[in-house]
Structures are given as structure tokens and as C-alpha cells.
>>> print(open('data32.cif').read())   # mmCIF, C-alpha atoms and all ligand atoms
data_target
loop_
_atom_site.label_atom_id
_atom_site.label_comp_id
_atom_site.auth_asym_id
_atom_site.auth_seq_id
_atom_site.Cartn_x
_atom_site.Cartn_y
_atom_site.Cartn_z
CA MET A 23 -19.31 173.98 36.92
CA ILE A 24 -20.69 170.75 38.24
CA ARG A 25 -24.43 170.29 38.58
CA CYS A 26 -25.25 168.72 41.94
CA GLY A 27 -28.32 166.57 41.27
CA ASN A 28 -28.01 164.62 44.50
CA LEU A 29 -27.86 167.78 46.60
CA GLU A 30 -30.78 169.23 44.65
CA ARG A 31 -32.88 166.21 45.63
CA ASP A 32 -31.60 166.14 49.22
CA LEU A 33 -32.27 169.83 49.82
CA GLY A 34 -35.32 170.34 47.60
CA ILE A 35 -33.76 173.13 45.52
CA ARG A 36 -34.30 173.31 41.75
CA GLU A 37 -30.73 173.93 40.56
CA ILE A 38 -27.49 173.72 42.49
CA TYR A 39 -24.09 174.06 40.82
CA VAL A 40 -20.61 173.97 42.22
CA LYS A 41 -18.00 176.09 40.52
CA TYR A 42 -15.00 173.93 41.29
CA GLU A 43 -11.97 176.15 41.55
CA GLY A 44 -9.85 173.22 42.69
CA ASP A 45 -9.40 172.49 38.97
CA ASN A 46 -7.16 175.53 38.46
CA PRO A 47 -3.42 174.92 37.88
CA THR A 48 -2.36 175.19 41.55
CA GLY A 49 -5.68 173.93 42.91
CA SER A 50 -7.47 177.12 43.93
CA PHE A 51 -9.18 180.24 42.57
CA LYS A 52 -6.07 182.27 43.36
CA ASP A 53 -4.57 181.41 39.95
CA ARG A 54 -7.09 183.64 38.18
CA GLY A 55 -5.76 186.75 39.87
CA MET A 56 -2.16 185.66 40.12
CA THR A 57 -1.63 185.21 36.40
CA VAL A 58 -2.77 188.81 35.89
CA GLY A 59 -0.89 190.13 38.94
CA VAL A 60 2.42 188.51 38.03
CA THR A 61 2.07 189.73 34.44
CA LYS A 62 1.73 193.25 35.87
CA ALA A 63 4.78 192.68 38.11
CA LEU A 64 6.79 191.85 34.99
CA GLU A 65 5.38 194.89 33.20
CA VAL A 66 6.65 197.26 35.92
CA GLY A 67 10.04 195.54 35.96
CA ALA A 68 9.73 194.00 39.44
CA LYS A 69 12.30 191.41 40.46
CA THR A 70 10.72 190.04 43.64
CA THR A 71 7.09 189.33 44.43
CA ILE A 72 5.84 189.20 48.01
CA CYS A 73 2.66 188.20 49.81
CA ALA A 74 1.18 187.25 53.15
CA SER A 75 -0.79 184.07 52.95
CA THR A 76 -3.03 181.65 54.80
CA GLY A 77 -2.08 179.13 52.12
CA ASN A 78 -3.37 179.27 48.56
CA THR A 79 -2.09 182.74 47.71
CA ARG A 80 1.46 181.59 48.31
CA SER A 81 1.04 178.37 46.33
CA SER A 82 -0.19 180.34 43.38
CA LEU A 83 2.22 183.26 43.66
CA ALA A 84 5.16 180.87 44.00
CA ALA A 85 4.16 178.97 40.85
CA TYR A 86 3.49 182.02 38.66
CA SER A 87 6.63 183.78 39.92
CA ALA A 88 8.69 180.68 39.08
CA LYS A 89 7.28 180.64 35.57
CA ALA A 90 7.98 184.37 35.17
CA GLY A 91 11.54 184.05 36.50
CA LEU A 92 10.85 186.27 39.53
CA ASP A 93 11.97 185.71 43.11
CA CYS A 94 9.12 185.15 45.51
CA VAL A 95 8.90 185.88 49.25
CA VAL A 96 6.04 184.59 51.36
CA LEU A 97 5.13 185.33 54.98
CA VAL A 98 2.91 182.75 56.63
CA PRO A 99 1.46 182.40 60.14
CA SER A 100 3.70 179.88 61.94
CA HIS A 101 0.73 177.87 63.27
CA LYS A 102 -1.92 175.95 61.39
CA ILE A 103 -0.13 175.59 58.09
CA ALA A 104 -1.90 173.26 55.63
CA LEU A 105 0.90 170.97 54.47
CA GLY A 106 -0.26 170.57 50.87
CA LYS A 107 -0.07 174.32 50.37
CA LEU A 108 3.29 174.68 52.09
CA SER A 109 4.80 171.97 49.90
CA GLN A 110 3.62 173.81 46.80
CA ALA A 111 5.29 177.11 47.79
CA LEU A 112 8.52 175.30 48.67
CA ILE A 113 8.76 173.20 45.52
CA HIS A 114 8.24 176.28 43.36
CA GLY A 115 11.23 177.83 45.08
CA ALA A 116 9.63 180.58 47.18
CA LYS A 117 11.43 181.92 50.23
CA VAL A 118 8.93 181.08 52.98
CA LEU A 119 9.17 182.75 56.39
CA ALA A 120 6.92 181.55 59.23
CA VAL A 121 5.88 184.56 61.31
CA LYS A 122 5.10 184.02 64.99
CA GLY A 123 1.64 185.55 64.68
CA GLY A 124 -1.52 185.33 62.59
CA PHE A 125 -2.37 186.24 59.00
CA ASP A 126 -3.18 189.82 59.98
CA ASP A 127 0.36 190.26 61.36
CA CYS A 128 1.82 188.83 58.13
CA LEU A 129 -0.27 191.23 56.04
CA SER A 130 0.82 194.30 58.05
CA LEU A 131 4.44 193.24 57.56
CA VAL A 132 4.25 192.78 53.78
CA LYS A 133 2.37 196.07 53.39
CA GLU A 134 5.21 197.81 55.21
CA ILE A 135 7.98 195.92 53.39
CA SER A 136 6.47 196.53 49.95
CA LYS A 137 6.83 200.30 50.38
CA ASP A 138 10.35 199.39 49.24
CA PRO A 139 10.05 199.25 45.42
CA ARG A 140 12.19 196.12 45.28
CA PHE A 141 9.13 194.15 46.42
CA TYR A 142 5.94 193.85 44.36
CA LEU A 143 2.96 193.15 46.63
CA LEU A 144 0.51 190.52 45.45
CA ASN A 145 -2.11 190.26 48.16
CA SER A 146 -5.66 191.00 47.14
CA ILE A 147 -5.11 194.70 47.92
CA ASN A 148 -3.45 194.56 44.50
CA PRO A 149 -6.27 195.59 42.14
CA PHE A 150 -5.03 193.44 39.25
CA ARG A 151 -5.64 190.29 41.28
CA LEU A 152 -9.34 191.06 41.53
CA GLU A 153 -9.50 191.82 37.79
CA GLY A 154 -8.34 188.26 37.17
CA GLN A 155 -10.65 186.76 39.76
CA LYS A 156 -13.75 188.45 38.34
CA THR A 157 -13.47 186.31 35.19
CA ALA A 158 -15.12 183.48 37.12
CA ALA A 159 -18.35 185.51 37.05
CA TYR A 160 -18.11 185.71 33.26
CA GLU A 161 -17.62 181.94 33.05
CA ILE A 162 -20.72 181.30 35.15
CA TYR A 163 -22.71 183.56 32.83
CA GLU A 164 -21.31 181.79 29.76
CA GLN A 165 -22.10 178.36 31.11
CA LEU A 166 -25.60 179.10 32.38
CA GLY A 167 -26.56 181.53 29.61
CA ASP A 168 -27.54 183.89 32.44
CA VAL A 169 -26.48 184.69 36.00
CA PRO A 170 -27.77 182.54 38.89
CA ASP A 171 -30.28 183.76 41.48
CA LYS A 172 -27.83 183.26 44.31
CA LEU A 173 -24.07 183.02 44.56
CA ILE A 174 -22.65 181.54 47.77
CA ILE A 175 -18.96 182.12 48.39
CA PRO A 176 -16.50 181.83 51.30
CA VAL A 177 -15.16 185.07 52.77
CA GLY A 178 -11.72 185.48 54.30
CA ASN A 179 -10.00 188.68 53.27
CA ALA A 180 -13.14 189.31 51.19
CA GLY A 181 -11.38 189.92 47.87
CA ASN A 182 -13.12 187.15 45.96
CA ILE A 183 -16.69 188.16 46.78
CA VAL A 184 -15.82 191.69 45.66
CA ALA A 185 -14.27 190.36 42.44
CA TYR A 186 -17.38 188.30 41.54
CA TRP A 187 -19.62 191.25 42.36
CA LYS A 188 -17.59 193.40 39.97
CA GLY A 189 -17.79 190.74 37.26
CA PHE A 190 -21.58 190.51 37.58
CA ARG A 191 -21.98 194.30 37.66
CA GLU A 192 -20.00 194.58 34.43
CA LEU A 193 -22.20 191.96 32.73
CA LYS A 194 -25.22 194.07 33.68
CA LEU A 195 -23.58 197.30 32.55
CA LEU A 196 -22.86 195.70 29.18
CA GLY A 197 -26.55 194.87 28.89
CA LEU A 198 -25.85 191.13 28.83
CA THR A 199 -27.86 190.44 31.98
CA GLU A 200 -30.72 192.12 33.76
CA LYS A 201 -29.96 191.19 37.34
CA ILE A 202 -27.10 190.64 39.72
CA PRO A 203 -27.26 187.50 41.87
CA ASN A 204 -27.88 187.78 45.61
CA MET A 205 -24.29 187.71 46.84
CA ILE A 206 -24.05 185.49 49.92
CA GLY A 207 -20.69 185.53 51.71
CA VAL A 208 -19.91 182.81 54.24
CA GLN A 209 -17.44 183.11 57.10
CA ALA A 210 -16.33 180.52 59.65
CA LEU A 211 -17.96 181.45 62.96
CA GLY A 212 -14.55 181.54 64.67
CA ALA A 213 -13.35 184.21 62.21
CA SER A 214 -16.47 186.19 61.39
CA PRO A 215 -16.11 189.97 61.79
CA VAL A 216 -17.98 190.71 58.54
CA TYR A 217 -20.85 188.39 59.51
CA LYS A 218 -21.14 190.12 62.89
CA ALA A 219 -21.25 193.58 61.29
CA PHE A 220 -23.88 192.32 58.83
CA ILE A 221 -26.25 190.94 61.45
CA GLU A 222 -25.76 193.97 63.71
CA GLY A 223 -26.62 196.23 60.75
CA SER A 224 -23.34 198.03 61.36
CA ASP A 225 -21.32 199.95 58.77
CA LYS A 226 -18.05 198.94 60.39
CA ILE A 227 -16.47 195.67 61.38
CA LYS A 228 -14.86 195.06 64.75
CA PRO A 229 -11.62 193.22 63.90
CA MET A 230 -11.28 189.94 65.84
CA GLU A 231 -7.94 189.56 67.57
CA SER A 232 -8.04 185.85 68.12
CA VAL A 233 -9.50 183.73 65.35
CA GLU A 234 -9.90 179.98 65.16
CA THR A 235 -11.30 177.67 62.52
CA VAL A 236 -10.48 174.42 60.78
CA ALA A 237 -10.89 176.36 57.51
CA THR A 238 -7.40 177.89 57.70
CA ALA A 239 -7.80 179.70 54.36
CA ILE A 240 -10.44 181.98 55.88
CA ARG A 241 -8.93 182.33 59.36
CA ILE A 242 -8.74 186.12 59.16
CA GLY A 243 -9.82 188.57 61.85
CA ASN A 244 -9.35 191.87 60.02
CA PRO A 245 -10.30 191.42 56.35
CA VAL A 246 -8.95 194.05 53.98
CA ASN A 247 -12.01 194.21 51.73
CA TRP A 248 -14.70 194.12 54.44
CA LYS A 249 -16.37 197.36 53.38
CA ARG A 250 -17.04 196.30 49.80
CA ALA A 251 -18.05 192.80 50.96
CA LEU A 252 -20.77 194.30 53.16
CA ARG A 253 -21.91 196.44 50.24
CA ALA A 254 -21.94 193.45 47.88
CA ALA A 255 -24.21 191.54 50.27
CA ARG A 256 -26.49 194.47 51.12
CA GLU A 257 -26.85 196.01 47.66
CA THR A 258 -27.69 192.70 45.98
CA GLY A 259 -30.23 191.50 48.56
CA GLY A 260 -27.77 188.87 49.73
CA MET A 261 -26.27 188.35 53.16
CA ILE A 262 -23.16 187.41 55.08
CA GLY A 263 -23.63 184.15 56.96
CA ALA A 264 -21.47 182.11 59.28
CA VAL A 265 -21.02 178.38 59.81
CA THR A 266 -19.36 176.36 62.56
CA ASP A 267 -16.38 174.08 62.02
CA GLU A 268 -18.65 171.06 62.55
CA GLU A 269 -20.96 172.30 59.80
CA ILE A 270 -17.98 172.88 57.48
CA LEU A 271 -16.57 169.38 58.03
CA TRP A 272 -20.00 167.81 57.61
CA ALA A 273 -20.51 169.71 54.35
CA GLN A 274 -17.05 168.66 53.16
CA SER A 275 -17.97 165.01 53.55
CA ILE A 276 -21.48 165.47 52.08
CA LEU A 277 -20.03 167.14 48.98
CA ALA A 278 -17.42 164.42 48.57
CA SER A 279 -19.75 161.48 49.23
CA ARG A 280 -22.87 162.75 47.40
CA GLU A 281 -21.29 164.65 44.50
CA GLY A 282 -17.73 163.33 44.17
CA VAL A 283 -16.26 166.78 44.76
CA PHE A 284 -13.38 167.08 47.23
CA ALA A 285 -13.15 170.57 48.72
CA GLU A 286 -10.75 171.97 51.26
CA PRO A 287 -12.61 173.15 54.38
CA ALA A 288 -12.90 176.83 53.32
CA GLY A 289 -14.26 175.66 49.96
CA ALA A 290 -16.91 173.59 51.73
CA ALA A 291 -18.18 176.58 53.76
CA PRO A 292 -20.70 177.64 51.06
CA ILE A 293 -22.14 174.12 51.01
CA ALA A 294 -22.41 174.19 54.81
CA PHE A 295 -24.33 177.44 54.55
CA LEU A 296 -26.53 176.11 51.74
CA ILE A 297 -27.51 173.03 53.76
CA LYS A 298 -28.35 175.15 56.79
CA ALA A 299 -30.15 177.86 54.83
CA ALA A 300 -32.21 175.32 52.87
CA ARG A 301 -33.35 173.70 56.11
CA GLU A 302 -34.26 177.09 57.56
CA GLY A 303 -36.23 177.99 54.42
CA LEU A 304 -33.91 180.86 53.50
CA ILE A 305 -33.44 179.60 49.93
CA GLU A 306 -36.54 179.52 47.74
CA PRO A 307 -37.04 175.99 46.32
CA ASP A 308 -37.15 177.22 42.71
CA SER A 309 -33.79 179.00 42.99
CA ARG A 310 -30.76 178.54 40.79
CA VAL A 311 -27.80 178.54 43.17
CA VAL A 312 -24.07 178.54 42.43
CA CYS A 313 -21.64 177.68 45.24
CA ILE A 314 -17.99 178.62 44.79
CA VAL A 315 -15.80 175.75 45.97
CA THR A 316 -12.60 177.75 46.16
CA GLY A 317 -9.92 175.10 46.72
CA HIS A 318 -9.08 171.42 46.26
CA GLY A 319 -9.42 169.00 49.19
CA LEU A 320 -5.93 167.63 48.61
CA LYS A 321 -4.57 170.96 49.83
CA ASP A 322 -5.32 169.94 53.39
CA PRO A 323 -5.61 166.13 53.65
CA ASP A 324 -4.76 166.10 57.38
CA VAL A 325 -8.16 167.53 58.21
CA VAL A 326 -9.79 164.50 56.60
CA LEU A 327 -7.35 161.88 57.84
CA ARG A 328 -7.73 163.08 61.44
CA ARG A 329 -11.41 162.24 61.55
CA ILE A 330 -12.15 159.35 59.19
CA GLU A 331 -11.80 155.67 59.90
CA LYS A 332 -8.44 154.26 58.85
CA PRO A 333 -8.43 151.31 56.38
CA VAL A 334 -8.81 147.88 58.01
CA GLU A 335 -5.78 145.62 57.57
CA VAL A 336 -6.57 142.21 56.06
CA GLU A 337 -4.66 139.05 55.20
CA PRO A 338 -3.68 138.65 51.53
CA GLU A 339 -6.49 136.07 51.10
CA VAL A 340 -9.88 136.23 49.37
CA ASP A 341 -11.73 135.02 52.50
CA SER A 342 -10.17 137.69 54.63
CA VAL A 343 -11.11 140.40 52.13
CA LEU A 344 -14.72 139.16 51.74
CA GLU A 345 -15.16 138.76 55.48
CA ASN A 346 -14.37 142.42 55.93
CA LEU A 347 -16.70 143.44 53.13
CA SER A 348 -19.83 141.62 54.34
CA ALA A 349 -21.23 144.72 56.07
CA THR A 350 -20.66 147.06 53.13
CA ILE A 351 -21.40 145.29 49.84
CA THR A 352 -24.85 145.48 48.32
CA GLU A 353 -26.34 142.13 47.27
CA GLN A 354 -27.10 141.87 43.56
CA THR A 355 -30.80 141.27 42.83
C1 LIG B 401 -9.69 178.10 49.55
C2 LIG B 401 -9.99 179.51 49.87
N1 LIG B 401 -11.25 179.88 50.03
C3 LIG B 401 -11.59 181.15 50.34
C4 LIG B 401 -10.62 182.11 50.52
C5 LIG B 401 -11.06 183.49 50.87
O1 LIG B 401 -10.94 184.37 49.80
P1 LIG B 401 -10.91 185.91 50.10
O2 LIG B 401 -9.74 186.14 51.01
O3 LIG B 401 -10.75 186.57 48.79
O4 LIG B 401 -12.19 186.24 50.79
C6 LIG B 401 -9.28 181.79 50.36
C7 LIG B 401 -8.24 182.79 50.56
O5 LIG B 401 -7.10 182.48 50.86
C8 LIG B 401 -8.95 180.45 50.02
O6 LIG B 401 -7.68 180.07 49.85
#
>>> encode(input="data32.cif", output="C-alpha cells")
Amino acid sequence: MIRCGNLERDLGIREIYVKYEGDNPTGSFKDRGMTVGVTKALEVGAKTTICASTGNTRSSLAAYSAKAGLDCVVLVPSHKIALGKLSQALIHGAKVLAVKGGFDDCLSLVKEISKDPRFYLLNSINPFRLEGQKTAAYEIYEQLGDVPDKLIIPVGNAGNIVAYWKGFRELKLLGLTEKIPNMIGVQALGASPVYKAFIEGSDKIKPMESVETVATAIRIGNPVNWKRALRAARETGGMIGAVTDEEILWAQSILASREGVFAEPAGAAPIAFLIKAAREGLIEPDSRVVCIVTGHGLKDPDVVLRRIEKPVEVEPEVDSVLENLSATITEQT
């Protein structure tokens, strides 16, 4: 975890940490579950793994399948593919098929196809994935010596929030901790069926047919684990929030420029929520907050390059360089 002293001062909150999952082998939290899931695939004698993916699942499954000597098939929505993630799946040798539809279509297809025992399904419906992912909750406990007051985490298919919740519940069952953090799930407003059910006080989500967000990893209209995600939020005194694309992109640059942490857009969603919630007084100033930054910013560099100023071209001369620096360098006192 990375302690975010600058954000603490900016937002007036006692303790803010980022659990930076971009540091995992393929650059996202998915590796935690995939190493367990692929081990189980080997155990049952599978030859081919399969998944639907908005991006990081396929990068991780392709890498772990390669290492295990298994074939890997991946179905991805044909639009809005983050190039970093696609290149990972391809270099690890996965067979990638681009489906003319969204993530939800891809998931229905792989669920159907994996009824055939030749294919071992590794989406987060696979319970072993969540067993791996819950270990992040143990690590937080180990590093803090306790659990935080609040955990803020992005929600797409809602597997990860459920995995953390399980990890924290187990720590309590073992008598290691007394409380479970308020679990706060964050969706992108353009793909927010769980958020809508939460604020309406409903026990059911209404799947969204058309979803849109710059945070492609959480661009999901019909999340598999919605029921348990709602329970995680409600039973822990947490909530499901939503943030706009503008708020996500703003948070991505704040996190990078104030804390030196580069998150992909979905990974910046918890920071976007934290900034908004702190301003609205929803986070008590003496809280200890952990935000889960789920994936590395290099996964989706296009999002950044599209909106930041390109480097200025200069002559290969000292004067030309200094001339272009006059507005930015700080005078030494
Ligand atoms: C970077 C990133 N953040 C968040 C999520 C959402 O996780 P979950 O689908 O478990 O809610 C994903 C899932 O693909 C992801 O890749």
C-alpha cells in the first residue's frame, strides 16, 4: 500500500492509502484470482481455459495459461479495446475473438460454450478466482495491523468487492479483527445498475442495455455478482456510489500528479469517489480509508494521450530549451 500524504492534506482526511494492484505481474488485481483459478484448471485436467473480458481478465488468464501450458481462448467486445491489455493477451499466445457486442454478450457466450467440458471457464463466476482475490484483504490487515474504517473499490462485474468482503469477514471470524470496513463500491455513472438499485433501495438491479464509460474495465451493464455486492455495501454500512467520466479522468491525473501513482481509469474511480465524498462531508475526517487502485495506467495510455498537451518541439540548443522552460521552472532562493 502507498500512503497518500498529499491527498490527506488536500482532502482533510486523517489516513488515506492506495492499494496499488498495478504492481501485480500482469498489472492488475486479476492475477490474484487467476493463479488460483489456473491451478484448479490444471488440477481437473483441463486443456483449454476460456473467459469473456473487458481487458485485464484476459491479460492475466493468457499469462497464467501460458505458464501452465494450457490453451487460452478469450472473447472480447469488438469496440473500446484498451490496446495495452490486448497486446498482453496476444503476446501470451491467447486466441482472441472480438465479438460484435458488449461484455455481457461475451459472458453469455462463454457461459454457454463452457458447458462443453473441453473449456474451463475463468470468469469471476468461478469461485476459485474470488478465493485468490480475497487475499488482498489479508494483506491490508497485515500492513495496517487492523482493517481500515472504509474500503473504496471499483465495481464492474462486482467480483472483487465480494472477494474483499469475504476476506474481511474471515478475519473477523478468526477473531483477528473486531469490525468489517464500510465497503464502498464505485461504478461509472454510464454503467451503474448496482448504484441505481442501491439508491432506490431496491433488492434487484435493472440491467443496463447500453453502457458507456471511459473506464472500459467496468463497462458492464449486467454484473454477475450484483446481489452480493449490494449485500456487502448494505450489511457493512457502506454504499454503492457512482462517478462521471470527467470525475474519473480528473482523479486519474490528481493521483498521478499528487501521489506519483498511475492508475487506469477504472482504478481511479475510487479516488474520484473519495474526492467527491470528502467534499460532500460523507467521509469523517478522522477516518482511515483504503482505496483499491485495481490496474496500472499503462494498460490504457490512449486515454491519457488523447487529453494531455503533447511535448513542445525545440531546437537542439540550450537557449531553445531554456526559452521553453521559463514558464515552468521554479527560481532557486
Ligand atoms: C482495472 C479493473 N478495475 C475494476 C474491475 C472490476 O472488477 P469486478 O468486475 O470484480 O467488479 C476490473 C474488472 O475487469 C478491472 O480490470
>>> closest_residue(input="data32.cif", among="A:Lys89, A:Arg151, A:Arg80, A:Lys172", to="Ile38 (chain A)", atoms="only C-alpha atoms")
A:Lys172
>>> residues_near_ligand(input="data32.cif", ligand="ligand LIG 401 (chain B)", cutoff="8 Å", atoms="all atoms listed in the file", output="ChimeraX atom specification")
/A:50-52,75-79,146,175-184,239-240,245,286-289,315-318
>>> residues_near_point(input="data32.cif", point="(9.4, 185.5, 47.8)", cutoff="8 Å", atoms="all atoms listed in the file", output="VMD selection string")
chain A and resid 70 to 73 84 93 to 96 116 to 118
>>> closest_residue(input="data32.cif", among="A:Ala74, A:Val246, A:Ala159, A:Ala88", to="Gly123 (chain A)", atoms="all atoms listed in the file")
A:Ala74
>>> closest_residue(input="data32.cif", among="A:Met205, A:Val233, A:Cys313, A:Ile24", to="Met261 (chain A)", atoms="only C-alpha atoms")
A:Met205
>>> atom_distance(input="data32.cif", atom1="CA of Leu112 (chain A)", atom2="CA of Val283 (chain A)")
26.5 Å
>>> closest_residue(input="data32.cif", among="A:Arg191, A:Lys218, A:Lys201, A:Arg280", to="Glu30 (chain A)", atoms="all atoms listed in the file")
A:Arg280
>>> closest_residue(input="data32.cif", among="A:Ala294, A:Leu320, A:Val216, A:Leu166", to="Trp248 (chain A)", atoms="all atoms listed in the file")
A:Val216
>>> residues_around(input="data32.cif", residues="Arg31 (chain A)", least_positions_apart="3", cutoff="12 Å", atoms="only C-alpha atoms", output="list of chain:residue names")
A:Arg25, A:Cys26, A:Gly27, A:Asn28, A:Gly34, A:Ile35, A:Arg36, A:Glu37, A:Ile38, A:Arg280, A:Glu281, A:Ile297, A:Ala300, A:Pro307
>>> closest_residue(input="data32.cif", among="A:Leu211, A:Gly319, A:Cys128, A:Gln274", to="Asp45 (chain A)", atoms="all atoms listed in the file")
A:Gly319
>>> residues_near_point(input="data32.cif", point="(7.4, 172.3, 44.1)", cutoff="12 Å", atoms="only C-alpha atoms", output="list in words")
Thr48, Arg80, Ser81, Ser82, Ala84, Ala85, Tyr86, Ala88, Lys89, Gly106, Lys107, Leu108, Ser109, Gln110, Ala111, Leu112, Ile113, His114, Gly115 and Ala116 of chain A
>>> atom_distance(input="data32.cif", atom1="CA of Glu134 (chain A)", atom2="CA of Asn247 (chain A)")
17.9 Å
>>> axis_aligned_box(input="data32.cif", around="region 301-320 of chain A", padding_each_side="5 Å", output="JSON")
{"center_x": -21.5, "center_y": 174.2, "center_z": 49.2, "size_x": 41.2, "size_y": 23.2, "size_z": 26.8}
>>> atom_distance(input="data32.cif", atom1="CA of Gly259 (chain A)", atom2="CA of Ala210 (chain A)")
20.9 Å
